[in-house]
Amino acid sequence: MEFNWDSFEALEVTRDEVAESFEDPFSLRFLPDDGEIAERSRFFCLGKALSGKGVFSVYKSTGKMVTMLMAREMAEEEDFFYNRKSKDAL
């Protein structure tokens, strides 16, 4: 997977942590149901870096190239959702 970092804004996370969160086998990627973000085809990713840090990312994708827009550490609710969904996958 190739990343484009040109428009990237990081809050409390590094580029390496973001890339690692996409490689997480339990990462969750989804498109919001409605609103401006859905209309602009922005996707969300919840995943864990190798350090265990939870990463929430907003990105767009052509299928081959992932353009990272923003990433930050997961909020408590997002971490709870991620953990619940990853346990369901086991």
# chains A, B, ... in the order shown; residues from 1 in each chain; ligands from 1
>>> select_by_dssp(residues="chain A", states="strand (DSSP E or B)", output="PDB file with N, CA, C and O atoms, in the first residue's frame")
ATOM      1  N   GLU A   2       0.598   2.146  -0.895  1.00  0.00           N
ATOM      2  CA  GLU A   2       1.377   3.388  -0.975  1.00  0.00           C
ATOM      3  C   GLU A   2       0.619   4.519  -0.304  1.00  0.00           C
ATOM      4  O   GLU A   2      -0.598   4.620  -0.431  1.00  0.00           O
ATOM      5  N   PHE A   3       1.360   5.366   0.396  1.00  0.00           N
ATOM      6  CA  PHE A   3       0.769   6.497   1.091  1.00  0.00           C
ATOM      7  C   PHE A   3       1.238   7.803   0.463  1.00  0.00           C
ATOM      8  O   PHE A   3       2.398   7.949   0.115  1.00  0.00           O
ATOM      9  N   ASN A   4       0.314   8.747   0.366  1.00  0.00           N
ATOM     10  CA  ASN A   4       0.625  10.115  -0.029  1.00  0.00           C
ATOM     11  C   ASN A   4       0.452  10.950   1.234  1.00  0.00           C
ATOM     12  O   ASN A   4      -0.641  11.010   1.792  1.00  0.00           O
ATOM     13  N   GLU A   9      -1.971  15.855   8.349  1.00  0.00           N
ATOM     14  CA  GLU A   9      -1.871  16.587   9.609  1.00  0.00           C
ATOM     15  C   GLU A   9      -1.890  15.567  10.743  1.00  0.00           C
ATOM     16  O   GLU A   9      -2.838  14.792  10.866  1.00  0.00           O
ATOM     17  N   ALA A  10      -0.847  15.548  11.540  1.00  0.00           N
ATOM     18  CA  ALA A  10      -0.739  14.572  12.626  1.00  0.00           C
ATOM     19  C   ALA A  10      -0.939  15.234  13.980  1.00  0.00           C
ATOM     20  O   ALA A  10      -0.418  16.310  14.229  1.00  0.00           O
ATOM     21  N   LEU A  11      -1.700  14.566  14.815  1.00  0.00           N
ATOM     22  CA  LEU A  11      -1.913  15.013  16.187  1.00  0.00           C
ATOM     23  C   LEU A  11      -1.581  13.844  17.112  1.00  0.00           C
ATOM     24  O   LEU A  11      -2.311  12.865  17.147  1.00  0.00           O
ATOM     25  N   LEU A  28     -10.149  -1.424  11.456  1.00  0.00           N
ATOM     26  CA  LEU A  28     -11.504  -1.209  10.958  1.00  0.00           C
ATOM     27  C   LEU A  28     -11.476  -0.028  10.003  1.00  0.00           C
ATOM     28  O   LEU A  28     -11.018   1.053  10.369  1.00  0.00           O
ATOM     29  N   ARG A  29     -11.971  -0.226   8.800  1.00  0.00           N
ATOM     30  CA  ARG A  29     -12.023   0.857   7.814  1.00  0.00           C
ATOM     31  C   ARG A  29     -13.454   0.992   7.343  1.00  0.00           C
ATOM     32  O   ARG A  29     -14.096   0.004   6.996  1.00  0.00           O
ATOM     33  N   PHE A  30     -13.925   2.217   7.332  1.00  0.00           N
ATOM     34  CA  PHE A  30     -15.313   2.411   6.937  1.00  0.00           C
ATOM     35  C   PHE A  30     -15.545   3.809   6.378  1.00  0.00           C
ATOM     36  O   PHE A  30     -14.770   4.731   6.598  1.00  0.00           O
ATOM     37  N   PHE A  43     -12.703   8.318   4.152  1.00  0.00           N
ATOM     38  CA  PHE A  43     -12.800   7.077   4.900  1.00  0.00           C
ATOM     39  C   PHE A  43     -12.158   7.240   6.264  1.00  0.00           C
ATOM     40  O   PHE A  43     -11.284   8.087   6.452  1.00  0.00           O
ATOM     41  N   PHE A  44     -12.562   6.380   7.202  1.00  0.00           N
ATOM     42  CA  PHE A  44     -11.976   6.339   8.535  1.00  0.00           C
ATOM     43  C   PHE A  44     -11.261   5.013   8.720  1.00  0.00           C
ATOM     44  O   PHE A  44     -11.679   3.997   8.180  1.00  0.00           O
ATOM     45  N   CYS A  45     -10.200   5.032   9.512  1.00  0.00           N
ATOM     46  CA  CYS A  45      -9.510   3.796   9.890  1.00  0.00           C
ATOM     47  C   CYS A  45      -9.229   3.852  11.386  1.00  0.00           C
ATOM     48  O   CYS A  45      -8.736   4.868  11.887  1.00  0.00           O
ATOM     49  N   LEU A  46      -9.589   2.771  12.061  1.00  0.00           N
ATOM     50  CA  LEU A  46      -9.216   2.577  13.461  1.00  0.00           C
ATOM     51  C   LEU A  46      -8.282   1.385  13.495  1.00  0.00           C
ATOM     52  O   LEU A  46      -8.644   0.297  13.042  1.00  0.00           O
ATOM     53  N   GLY A  47      -7.074   1.583  13.988  1.00  0.00           N
ATOM     54  CA  GLY A  47      -6.106   0.495  14.049  1.00  0.00           C
ATOM     55  C   GLY A  47      -5.082   0.754  15.130  1.00  0.00           C
ATOM     56  O   GLY A  47      -5.012   1.843  15.684  1.00  0.00           O
ATOM     57  N   LYS A  48      -4.288  -0.254  15.396  1.00  0.00           N
ATOM     58  CA  LYS A  48      -3.252  -0.145  16.432  1.00  0.00           C
ATOM     59  C   LYS A  48      -1.870  -0.171  15.790  1.00  0.00           C
ATOM     60  O   LYS A  48      -1.610  -0.949  14.876  1.00  0.00           O
ATOM     61  N   GLY A  54      -3.508   3.278  19.855  1.00  0.00           N
ATOM     62  CA  GLY A  54      -4.644   3.306  18.949  1.00  0.00           C
ATOM     63  C   GLY A  54      -4.598   4.541  18.069  1.00  0.00           C
ATOM     64  O   GLY A  54      -4.341   5.643  18.553  1.00  0.00           O
ATOM     65  N   VAL A  55      -4.839   4.362  16.766  1.00  0.00           N
ATOM     66  CA  VAL A  55      -4.761   5.455  15.809  1.00  0.00           C
ATOM     67  C   VAL A  55      -6.084   5.586  15.054  1.00  0.00           C
ATOM     68  O   VAL A  55      -6.600   4.602  14.524  1.00  0.00           O
ATOM     69  N   PHE A  56      -6.626   6.800  15.032  1.00  0.00           N
ATOM     70  CA  PHE A  56      -7.806   7.132  14.240  1.00  0.00           C
ATOM     71  C   PHE A  56      -7.313   7.958  13.061  1.00  0.00           C
ATOM     72  O   PHE A  56      -6.649   8.973  13.245  1.00  0.00           O
ATOM     73  N   SER A  57      -7.640   7.527  11.821  1.00  0.00           N
ATOM     74  CA  SER A  57      -7.176   8.225  10.623  1.00  0.00           C
ATOM     75  C   SER A  57      -8.341   8.583   9.717  1.00  0.00           C
ATOM     76  O   SER A  57      -9.332   7.851   9.644  1.00  0.00           O
ATOM     77  N   VAL A  58      -8.191   9.687   9.025  1.00  0.00           N
ATOM     78  CA  VAL A  58      -9.115  10.089   7.964  1.00  0.00           C
ATOM     79  C   VAL A  58      -8.286  10.130   6.688  1.00  0.00           C
ATOM     80  O   VAL A  58      -7.208  10.718   6.657  1.00  0.00           O
ATOM     81  N   TYR A  59      -8.809   9.483   5.629  1.00  0.00           N
ATOM     82  CA  TYR A  59      -8.048   9.386   4.391  1.00  0.00           C
ATOM     83  C   TYR A  59      -8.982   9.267   3.193  1.00  0.00           C
ATOM     84  O   TYR A  59     -10.185   9.077   3.340  1.00  0.00           O
ATOM     85  N   LYS A  60      -8.411   9.400   2.019  1.00  0.00           N
ATOM     86  CA  LYS A  60      -9.121   9.094   0.781  1.00  0.00           C
ATOM     87  C   LYS A  60      -8.248   8.126   0.000  1.00  0.00           C
ATOM     88  O   LYS A  60      -7.046   8.041   0.230  1.00  0.00           O
ATOM     89  N   SER A  61      -8.873   7.371  -0.895  1.00  0.00           N
ATOM     90  CA  SER A  61      -8.122   6.325  -1.577  1.00  0.00           C
ATOM     91  C   SER A  61      -8.592   6.150  -3.012  1.00  0.00           C
ATOM     92  O   SER A  61      -9.778   6.268  -3.303  1.00  0.00           O
ATOM     93  N   MET A  65      -3.512   4.108  -4.084  1.00  0.00           N
ATOM     94  CA  MET A  65      -2.847   5.156  -3.316  1.00  0.00           C
ATOM     95  C   MET A  65      -3.769   5.627  -2.196  1.00  0.00           C
ATOM     96  O   MET A  65      -4.934   5.936  -2.439  1.00  0.00           O
ATOM     97  N   VAL A  66      -3.240   5.667  -0.980  1.00  0.00           N
ATOM     98  CA  VAL A  66      -3.966   6.182   0.172  1.00  0.00           C
ATOM     99  C   VAL A  66      -3.428   7.576   0.465  1.00  0.00           C
ATOM    100  O   VAL A  66      -2.235   7.738   0.730  1.00  0.00           O
ATOM    101  N   THR A  67      -4.294   8.576   0.372  1.00  0.00           N
ATOM    102  CA  THR A  67      -3.906   9.946   0.691  1.00  0.00           C
ATOM    103  C   THR A  67      -4.349  10.240   2.111  1.00  0.00           C
ATOM    104  O   THR A  67      -5.542  10.308   2.404  1.00  0.00           O
ATOM    105  N   MET A  68      -3.372  10.363   2.991  1.00  0.00           N
ATOM    106  CA  MET A  68      -3.651  10.615   4.403  1.00  0.00           C
ATOM    107  C   MET A  68      -3.996  12.087   4.595  1.00  0.00           C
ATOM    108  O   MET A  68      -3.295  12.968   4.099  1.00  0.00           O
ATOM    109  N   LEU A  69      -5.087  12.335   5.301  1.00  0.00           N
ATOM    110  CA  LEU A  69      -5.507  13.707   5.562  1.00  0.00           C
ATOM    111  C   LEU A  69      -5.251  14.123   7.008  1.00  0.00           C
ATOM    112  O   LEU A  69      -4.762  15.211   7.267  1.00  0.00           O
ATOM    113  N   MET A  70      -5.615  13.231   7.946  1.00  0.00           N
ATOM    114  CA  MET A  70      -5.476  13.557   9.361  1.00  0.00           C
ATOM    115  C   MET A  70      -5.399  12.277  10.158  1.00  0.00           C
ATOM    116  O   MET A  70      -6.013  11.275   9.798  1.00  0.00           O
ATOM    117  N   ALA A  71      -4.647  12.298  11.228  1.00  0.00           N
ATOM    118  CA  ALA A  71      -4.595  11.161  12.145  1.00  0.00           C
ATOM    119  C   ALA A  71      -4.325  11.675  13.548  1.00  0.00           C
ATOM    120  O   ALA A  71      -3.661  12.699  13.723  1.00  0.00           O
ATOM    121  N   ARG A  72      -4.881  10.934  14.505  1.00  0.00           N
ATOM    122  CA  ARG A  72      -4.687  11.274  15.915  1.00  0.00           C
ATOM    123  C   ARG A  72      -4.815  10.004  16.736  1.00  0.00           C
ATOM    124  O   ARG A  72      -5.205   8.962  16.224  1.00  0.00           O
ATOM    125  N   GLU A  73      -4.488  10.115  18.005  1.00  0.00           N
ATOM    126  CA  GLU A  73      -4.666   8.977  18.894  1.00  0.00           C
ATOM    127  C   GLU A  73      -6.164   8.741  19.097  1.00  0.00           C
ATOM    128  O   GLU A  73      -6.954   9.693  19.141  1.00  0.00           O
TER     129      GLU A  73
END
>>> residues_around(residues="region 86-90 of chain A", least_positions_apart="4", cutoff="10 Å", atoms="only C-alpha atoms", output="list of chain:residue names")
A:Pro25, A:Phe26, A:Ser27, A:Leu28, A:Gly47, A:Phe80, A:Phe81, A:Tyr82
>>> select_by_dssp(residues="region 15-87 of chain A", states="helix (DSSP H, G or I)", output="list in words")
Arg15, Asp16, Glu17, Val18, Ala19, Glu20, Ser21, Phe22, Glu23, Glu36, Ile37, Ala38, Glu39, Glu76, Glu77, Glu78, Asp79, Phe80, Phe81, Tyr82, Asn83, Arg84, Lys85, Ser86 and Lys87 of chain A
>>> atom_distance(atom1="CA of Glu17 (chain A)", atom2="CA of Ser51 (chain A)")
8.1 Å
